[in-house]
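**Student:** This is the structure I want to talk about, given as structure tokens.
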Amino acid sequence: MMKKNLLTFLTSLMVVTACSETPAAVLEKYDSQLPEGTFENSSGLFHGDIYLKGFSTVTVATEPYCLENCREFDYVGFKILAGGNKDFLTFLDETRNEQNPDPFGFGIGCLFKDNISYTNHSDEHGMKQFELTKELTGAIMNADEQHPIVLHLQKLPVSAGQGAPACYSHFTTVEVYLQEI
């Protein structure tokens with residue numbers, strides 16, 4: 001328990017010290033190599049595709065709604081260095097939570113051996129499990145601040161919410177668009 005509290009404290013400290021930039025400053029860093037994408041908020045439903053430059057992070061996620069003997073997972077996040085638009089930044093702000101407190105990051109899913117696995121909820125597919133290939137997982141996990149990648153993400157509309165599992169991702173599709181830019 002003490003190890004978990006220390007990890008939470010260190011993660012919070014890193015987020016507070018590393019995220020001194022405003023959303024406007026992040027938008028100003030928009031890399032001209034990145035396509036604009038179609039991410040938007042229409043009638044209160046965030047959806048569309050977006051291209052983001054960044055790198056992976058890993059935190060420990062605990063099984064939601066669990067009170068005793070809870071399972072823990074290696075939760076893979078993505079720290080954004082460039083890209084996005086105003087609707088996407090609003091979406092990040094509205095979906096920030098205990099599992100993903102970073103205002104310039106989001107969760108991709110949980111790492112199980114050589115694959116990232118995640119659950120996504122959309123009107124088109126309902127609640128569905130997805131798994132990234134070993135190669136795609138490797139590309140995401142090998143990215144760091146000095147060697148970022150560009151992800152192409154797609155979020156399908158979802159009009160009714162429900163409790164999210166530990167390995168949830170807001171994105172239905174996760175693809176590498178560019179490596180080593």
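Chain lettering (A, B, ...) mirrors the order of the structure tokens, residue numbering begins at 1 for each chain separately, and ligand numbering begins at 1 in order of display.
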Identify, with DSSP run on backbone atoms, the residues in region 33-142 of chain A assigned to helix (DSSP H, G or I), and express the list as a VMD selection string.
**Tutor:** chain A and resid 86 to 95 134 to 142
**Student:** Residues near region 151-153 of chain A, anyone? I mean within 9 Å using only C-alpha atoms, not counting same-chain ones fewer than 5 positions away, as a tab-separated table (two decimals) with N, CA and C atoms, in the first residue's frame.
**Tutor:**
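result_4.tsv was written with the following content:
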chain	number	residue	atom	x	y	z
A	37	GLY	N	-7.08	16.34	-39.04
A	37	GLY	CA	-8.05	15.42	-38.46
A	37	GLY	C	-9.43	16.04	-38.44
A	48	GLY	N	-14.48	11.71	-34.01
A	48	GLY	CA	-13.64	12.05	-35.15
A	48	GLY	C	-12.26	11.46	-35.00
A	49	ASP	N	-11.38	11.87	-35.92
A	49	ASP	CA	-10.01	11.37	-35.85
A	49	ASP	C	-9.06	12.53	-35.57
A	50	ILE	N	-7.90	12.19	-35.01
A	50	ILE	CA	-6.92	13.19	-34.59
A	50	ILE	C	-5.52	12.60	-34.74
A	51	TYR	N	-4.56	13.45	-35.02
A	51	TYR	CA	-3.16	13.04	-35.14
A	51	TYR	C	-2.38	13.74	-34.05
A	52	LEU	N	-1.66	12.96	-33.23
A	52	LEU	CA	-0.96	13.51	-32.08
A	52	LEU	C	0.47	13.00	-32.00
A	53	LYS	N	1.39	13.91	-31.77
A	53	LYS	CA	2.81	13.56	-31.59
A	53	LYS	C	3.08	13.44	-30.10
A	54	GLY	N	3.76	12.37	-29.70
A	54	GLY	CA	4.05	12.19	-28.28
A	54	GLY	C	4.76	10.88	-28.01
A	140	ILE	N	4.67	1.88	-29.93
A	140	ILE	CA	4.17	2.81	-28.92
A	140	ILE	C	5.04	2.78	-27.68
A	171	PHE	N	-10.72	5.75	-27.43
A	171	PHE	CA	-10.50	5.65	-28.87
A	171	PHE	C	-10.74	4.24	-29.38
A	172	THR	N	-11.47	4.14	-30.49
A	172	THR	CA	-11.76	2.85	-31.10
A	172	THR	C	-10.57	2.37	-31.90
A	173	THR	N	-9.94	3.28	-32.64
A	173	THR	CA	-8.82	2.93	-33.51
A	173	THR	C	-7.56	3.64	-33.04
A	174	VAL	N	-6.46	2.88	-32.94
A	174	VAL	CA	-5.15	3.42	-32.59
A	174	VAL	C	-4.17	2.91	-33.65
A	175	GLU	N	-3.52	3.84	-34.35
A	175	GLU	CA	-2.56	3.48	-35.40
A	175	GLU	C	-1.34	4.39	-35.29
A	176	VAL	N	-0.19	3.86	-35.70
A	176	VAL	CA	0.99	4.72	-35.80
A	176	VAL	C	0.96	5.38	-37.17
A	177	TYR	N	1.05	6.71	-37.19
A	177	TYR	CA	1.06	7.45	-38.44
A	177	TYR	C	2.49	7.70	-38.90
A	178	LEU	N	3.36	8.15	-37.99
A	178	LEU	CA	4.78	8.40	-38.28
A	178	LEU	C	5.63	7.99	-37.08
A	179	GLN	N	6.79	7.46	-37.36
A	179	GLN	CA	7.76	7.16	-36.31
A	179	GLN	C	8.99	8.02	-36.56
**Student:** What lies within 9 Å of region 115-124 of chain A using only C-alpha atoms, ignoring chain neighbours under 4 positions off, as an MDAnalysis selection string?
**Tutor:** chainID A and resid 75:76 108:111 128:138 155:162 164:172
